[in-house]
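So the structure is just underneath, and the comments pick up after that.
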Amino acid sequence: MNRIRALLSGRELSIVLALFAVVVVTTVVNPAFLNAQGIHDLFLNASIIALLAIGQTLLVITRNIDLSVGSVMGLTAYMSGQMFIADHETPTIVVVLAGMALGAACGAFNGALVAIAKVPALVVTLGTLYVFRGIDYGWASATGVHQINADQMSSGFLSFGSGSILGVPHLTLIALAALAIAAYALHNWRSGRELYAIGSNPQAARLAGIPAGRRVFTAFVISGALVGLAGVLHASYFGTINASVGTNRELAVVAAVVVGGVAIFGGSGTVLGAVLGALLLTTITSALPILGVPAFWQRAVDGAALLLAISLDRAVMVRMAERLRKERSLRRA
Amino acid sequence: MRERLLRWETILLVLCVVVFTWGSATTAGFGEADNISFLLLDYTEVALLALALLPIILTGQIDLSVASILGFCSALTGVLWDAGMSFETIVPIVVVAGAVLGSLNATLIVRFGLPALAVTIGTLGLYRGLAYVLLGDRAVTGFPDAYRPLVTDTVPGTFLPYATVLVIIVGVLAAVVVHYTPFGRSLYAIGLGEQTARFSGIRVQRVRFVLYIVSGALCAVASLVYTLRYNSARADNAAGLELVAVAAVLLGGVSIFGGRGAVVGVVSALLLMAGLRNVLFLNDITNEIQNVINGLLLIISVLVPVIANLLRGKRHPMPAEQRGQPPPEETPQDPVAATAVHGSPEEDQR
């Protein structure tokens with residue numbers, strides 16, 4: 001009985017159940033939801049946001065946040081287009097590496113302000129959200145290139161984005177690889193576990209000799225690189241880019257992470273949960289039009305999901321604290 | 001005297017004068033009455049949102065949903081107007097709607113004890129989403145000509161638009177409440193230490209609740225101004241304006257950790273930003289670049305106290321308390337420590 005309860009209280013399991021419910025209900029309404037193309041699209045869309053969610057998880061675990069992810073993603077997506085305008089035959093790997101480097105640089109800028117100047121991440125990244133987006137637009141208007149289309153990019157790059165191995169899209173494979181590496185590092189590496197320590201009690205972590213500033217900075221750089229990768233993948237998958245790619249994406253990412261069970265106060269959560277959260281929200285988003293709900297509801301759903309998730313977490317926490325208090329008083333008696 | 005001269009609010013006022021002098025010296029048309037009216041009118045909504053945010057940030061919390069409440073109320077105005085309701089009926093309904101959205105924030109933050117940051121990121125999306133649900137991507141226009149002048153016309157004989165008069169009234173009210181009433185002092189107390197404030201008899205929960213409701217209502221008022229000014233109710237009205245409002249409050253010298261700041265600082269920051277924006281506008285600098293500047297202003301405004309403390313720390317290696325003086329207003333605050341202190345065991349034992 002206790003084991004069942006332990007399993008059921010796991011956030012990952014409850015998300016899988018919710019996901020299952022959404023898929024079943026939508027398929028009953030419209031069986032076309034579960035055809036091969038539908039699943040393919042679902043995984044592709046979820047893969048890009050999953051990469052953002054993995055990076056965001058690293059930050060939220062340390063009690064930080066990055067609201068500039070949408071802008072960084074837009075910037076790197078735009079840069080990949082510009083690289084093809086400069087040289088139509090740019091090798092895909094060069095674009096990917098350049099995008100990750102630019103993302104990491106943006107992350108380093110955020111991270112430096114947060115870790116060295118000790119300015120709250122919320123304020124810093126709210127500011128850089130507009131700074132990075134402005135650079136994106138500025139670049140577009142300075143060069144006069146407001147939209148980059150598929151025929152301007154190399155065919156190798158486009159087929160990389162839309163290709164698949166054994167039916168699994170490349171993008172999904174990349175997201176799964178990032179998930180596996182991040183999950184392993186967070187769980188097994190000393191520096192990974194230290195992120196949890198920093199998030200659950202920053203002062204204690206510092207007193208215990210954990211280089212908190214350096215770890216937070218690194219988390220920002222890694223997250224930035226993943227966001228940069230997501231931008232490049234967006235470009236290669238959609239084939240059309242303008243300076244507004246990724247606008248308002250920060251809400252969806254934070255929602256995915258929090259729905260996935262990563263506590264906004266830091267110190268707990270897993271990347272697997274965050275990725276499942278991203279998958280759940282993407283599934284709901286694509287199920288909405290099929291269920292006859294206008295697409296206008298999407299932002300409201302993201303916001304409501306975030307509120308619901310933090311409320312649930314709070315309820316669980318309160319109940320757990322109560323149970324612990326009861327157990328303690330029983331032991332004392 | 002030197003302390004007073006070096007106060008951030010004073011520096012801001014000087015910067016304001018510099019920007020306005022520089023503007024009128026270098027930019028044709030900047031100093032004209034028409035332009036000054038336009039400049040003031042252009043910032044009315046931001047000013048109302050910033051004045052709504054100011055007391056909340058003073059208590060060490062935040063409301064990122066202000067611009068979304070504005071958007072929702074604007075969409076609601078459009079829907080009700082479309083339904084044939086008279087504007088006199090719409091106004092109270094919209095203000096109450098804003099207060100209700102604010103009280104939803106308050107319920108989640110105060111009653112359920114959820115972090116304000118996460119809640120208002122959520123309601124930022126939720127309220128904006130609901131605005132789209134109400135109005136879709138269409139715009140309601142054609143508000144009667146009788147109401148627009150109530151916002152955009154200037155008070156006869158002056159360059160002050162009526163909307164600015166409204167901002168001045170709200171600003172003066174805010175200054176009186178924040179600086180000269182026990183309620184205002186309790187905001188600072190809560191910002192400096194919630195536990196201590198509670199133990200000294202301040203009803204922290206109730207204060208917070210009131211702040212969010214007032215904030216919602218003020219955002220609704222701002223939405224009416226916005227809708228009439230542009231003669232357009234749209235779901236995406238004022239999208240992203242929360243950044244400008246937060247930037248104005250922080251640039252105005254209000255500490256993001258709470259407990260420090262003054263209304264005069266925020267008003268100076270608003271004037272500074274409005275002047276800067278207008279000069280850029282007259283020089284054909286695009287909106288996107290202005291967003292960059294607002295973003296940079298936000299970052300700079302949180303960096304300034306850090307740098308100031310670094311400089312001060314070098315000049316006076318010993319903490320102020322040990323020198324037998326009252327601590328300076330800018331007590332060095334570690335963001336991490338500031339969040340950790342709330343509800344920590346040491347506090348409980350006192």
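In the structure tokens, chains take the letters A, B, ... in the order shown, each chain's residues start at 1, and ligands count up from 1 in the order shown.
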
Residues of chain B were defined as contacting chain A if any atom lay at most 7 Å from it, counting only C-alpha atoms; please report them as a PyMOL selection string.
chain B and resi 119+121-123+125-130+132-133+136+243+288-289+291-292+295-296+298-299+302-303+306+334-337

Neighbouring residues of Leu233 (chain A) were defined as those with any atom within 12 Å, considering only C-alpha atoms; residues of the same chain fewer than 3 positions away were excluded. Please report them as an mmCIF file with C-alpha atoms, in the first residue's frame.
```cif
data_model
loop_
_atom_site.group_PDB
_atom_site.id
_atom_site.type_symbol
_atom_site.label_atom_id
_atom_site.label_comp_id
_atom_site.auth_asym_id
_atom_site.auth_seq_id
_atom_site.Cartn_x
_atom_site.Cartn_y
_atom_site.Cartn_z
ATOM 1 C CA LEU A 44 8.975 17.510 -33.022
ATOM 2 C CA ASN A 45 7.239 20.430 -31.319
ATOM 3 C CA SER A 47 11.556 18.401 -28.627
ATOM 4 C CA ILE A 48 12.386 22.060 -29.106
ATOM 5 C CA ILE A 49 10.598 23.194 -25.965
ATOM 6 C CA ALA A 50 12.098 20.239 -24.074
ATOM 7 C CA LEU A 51 15.598 21.536 -24.792
ATOM 8 C CA LEU A 52 14.600 24.907 -23.336
ATOM 9 C CA MET A 73 16.289 31.345 -29.107
ATOM 10 C CA GLY A 74 15.033 33.944 -31.584
ATOM 11 C CA THR A 76 20.249 32.143 -32.608
ATOM 12 C CA ALA A 77 17.507 31.098 -35.045
ATOM 13 C CA TYR A 78 17.953 34.379 -36.882
ATOM 14 C CA MET A 79 21.739 33.990 -36.854
ATOM 15 C CA SER A 80 21.511 30.552 -38.477
ATOM 16 C CA GLY A 81 19.511 32.100 -41.302
ATOM 17 C CA THR A 92 25.213 22.225 -40.699
ATOM 18 C CA ILE A 93 27.609 21.406 -37.880
ATOM 19 C CA VAL A 95 25.687 26.476 -37.772
ATOM 20 C CA VAL A 96 24.844 24.274 -34.796
ATOM 21 C CA LEU A 97 28.108 25.074 -33.027
ATOM 22 C CA GLY A 99 24.242 28.834 -32.456
ATOM 23 C CA MET A 100 25.264 27.062 -29.259
ATOM 24 C CA PHE A 157 20.412 21.863 -43.038
ATOM 25 C CA LEU A 158 16.712 21.526 -43.827
ATOM 26 C CA SER A 159 16.825 17.762 -44.207
ATOM 27 C CA PHE A 160 18.711 17.590 -40.911
ATOM 28 C CA GLY A 161 15.787 19.333 -39.240
ATOM 29 C CA SER A 162 13.057 17.269 -40.804
ATOM 30 C CA GLY A 163 14.918 13.959 -40.977
ATOM 31 C CA PRO A 169 12.899 12.567 -35.677
ATOM 32 C CA HIS A 170 16.469 13.848 -35.331
ATOM 33 C CA LEU A 171 15.199 16.640 -33.098
ATOM 34 C CA THR A 172 13.679 14.155 -30.688
ATOM 35 C CA LEU A 173 16.895 12.131 -30.621
ATOM 36 C CA ILE A 174 18.860 15.288 -29.797
ATOM 37 C CA ALA A 175 16.407 16.238 -27.053
ATOM 38 C CA LEU A 226 20.850 24.484 -25.021
ATOM 39 C CA VAL A 227 18.607 27.441 -25.867
ATOM 40 C CA GLY A 228 20.971 28.307 -28.732
ATOM 41 C CA LEU A 229 20.719 24.732 -29.977
ATOM 42 C CA ALA A 230 16.926 24.948 -29.786
ATOM 43 C CA SER A 236 16.195 23.855 -39.562
ATOM 44 C CA TYR A 237 12.770 22.360 -38.820
ATOM 45 C CA PHE A 238 10.497 25.263 -39.812
ATOM 46 C CA GLY A 239 12.677 26.674 -42.591
ATOM 47 C CA THR A 240 11.215 30.176 -42.196
ATOM 48 C CA ILE A 241 12.712 32.625 -39.747
ATOM 49 C CA VAL A 245 10.912 33.595 -33.399
#
```

From the list B:Ile190, B:Val249, B:Leu224, B:Leu108, which residue is nearest Phe87 (chain B) when using only C-alpha atoms?
B:Leu224

Which neighbours of Ile15 (chain A) fall inside 12 Å, counting only C-alpha atoms, when residues of the same chain fewer than 2 positions from it are skipped, and could you give them as number ranges by chain?
A: 8-13, 17-22, 256-261, 272-281, 283, 305, 309

Which residue is closest to Val95 (chain B)? Choose from B:Val18, B:Ala33, B:Ala217, B:Ala269 and count only C-alpha atoms.
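Going through B:Val18, B:Ala33, B:Ala217, B:Ala269 one by one, the smallest distance to Val95 (chain B) is for B:Ala217.
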
Computed interatomic separation between CA of Leu49 (chain B) and CA of Gly111 (chain A) (Å):
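Distance reported for this atom pair: 28.9 Å.
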
Which polymer residues have any atom within 7 Å of an atom of Leu40 (chain B), counting only C-alpha atoms, with same-chain residues fewer than 4 positions away left out, as JSON, numbers by chain?
{"B": [36, 44, 164]}

When DSSP is applied to the backbone of this structure, which of region 135-267 of chain B are assigned helix (DSSP H, G or I)? Write them out as a PyMOL selection string.
chain B and resi 135+148-152+162-180+182-192+194-199+204-230+241-251+263-267

Can you pull out every residue from region 47-289 of chain A that DSSP, working from the backbone, puts in strand (DSSP E), and format the result as an MDAnalysis selection string?
chainID A and resid 147:148 164:165 168:169 241:242

Restrict the selected residues to N, CA and C atoms and save them as a PDB file, in the first residue's frame.
```
ATOM      1  N   GLN A 147      12.866  38.480 -43.331  1.00  0.00           N
ATOM      2  CA  GLN A 147      12.449  37.074 -43.297  1.00  0.00           C
ATOM      3  C   GLN A 147      13.409  36.240 -44.131  1.00  0.00           C
ATOM      4  N   ILE A 148      13.748  35.070 -43.580  1.00  0.00           N
ATOM      5  CA  ILE A 148      14.641  34.166 -44.297  1.00  0.00           C
ATOM      6  C   ILE A 148      13.847  32.911 -44.608  1.00  0.00           C
ATOM      7  N   SER A 164      14.704  11.812 -39.914  1.00  0.00           N
ATOM      8  CA  SER A 164      14.492  10.935 -38.764  1.00  0.00           C
ATOM      9  C   SER A 164      15.281   9.649 -38.941  1.00  0.00           C
ATOM     10  N   ILE A 165      15.543   8.973 -37.848  1.00  0.00           N
ATOM     11  CA  ILE A 165      16.205   7.678 -37.878  1.00  0.00           C
ATOM     12  C   ILE A 165      15.223   6.657 -37.334  1.00  0.00           C
ATOM     13  N   VAL A 168      12.146   7.964 -35.752  1.00  0.00           N
ATOM     14  CA  VAL A 168      12.269   8.937 -34.665  1.00  0.00           C
ATOM     15  C   VAL A 168      12.956  10.188 -35.222  1.00  0.00           C
ATOM     16  N   PRO A 169      12.303  11.351 -35.114  1.00  0.00           N
ATOM     17  CA  PRO A 169      12.899  12.567 -35.677  1.00  0.00           C
ATOM     18  C   PRO A 169      14.253  12.873 -35.043  1.00  0.00           C
ATOM     19  N   ILE A 241      12.304  31.942 -40.980  1.00  0.00           N
ATOM     20  CA  ILE A 241      12.712  32.625 -39.747  1.00  0.00           C
ATOM     21  C   ILE A 241      12.507  34.120 -39.913  1.00  0.00           C
ATOM     22  N   ASN A 242      11.980  34.758 -38.881  1.00  0.00           N
ATOM     23  CA  ASN A 242      12.070  36.210 -38.799  1.00  0.00           C
ATOM     24  C   ASN A 242      12.534  36.557 -37.388  1.00  0.00           C
TER      25      ASN A 242
END
```
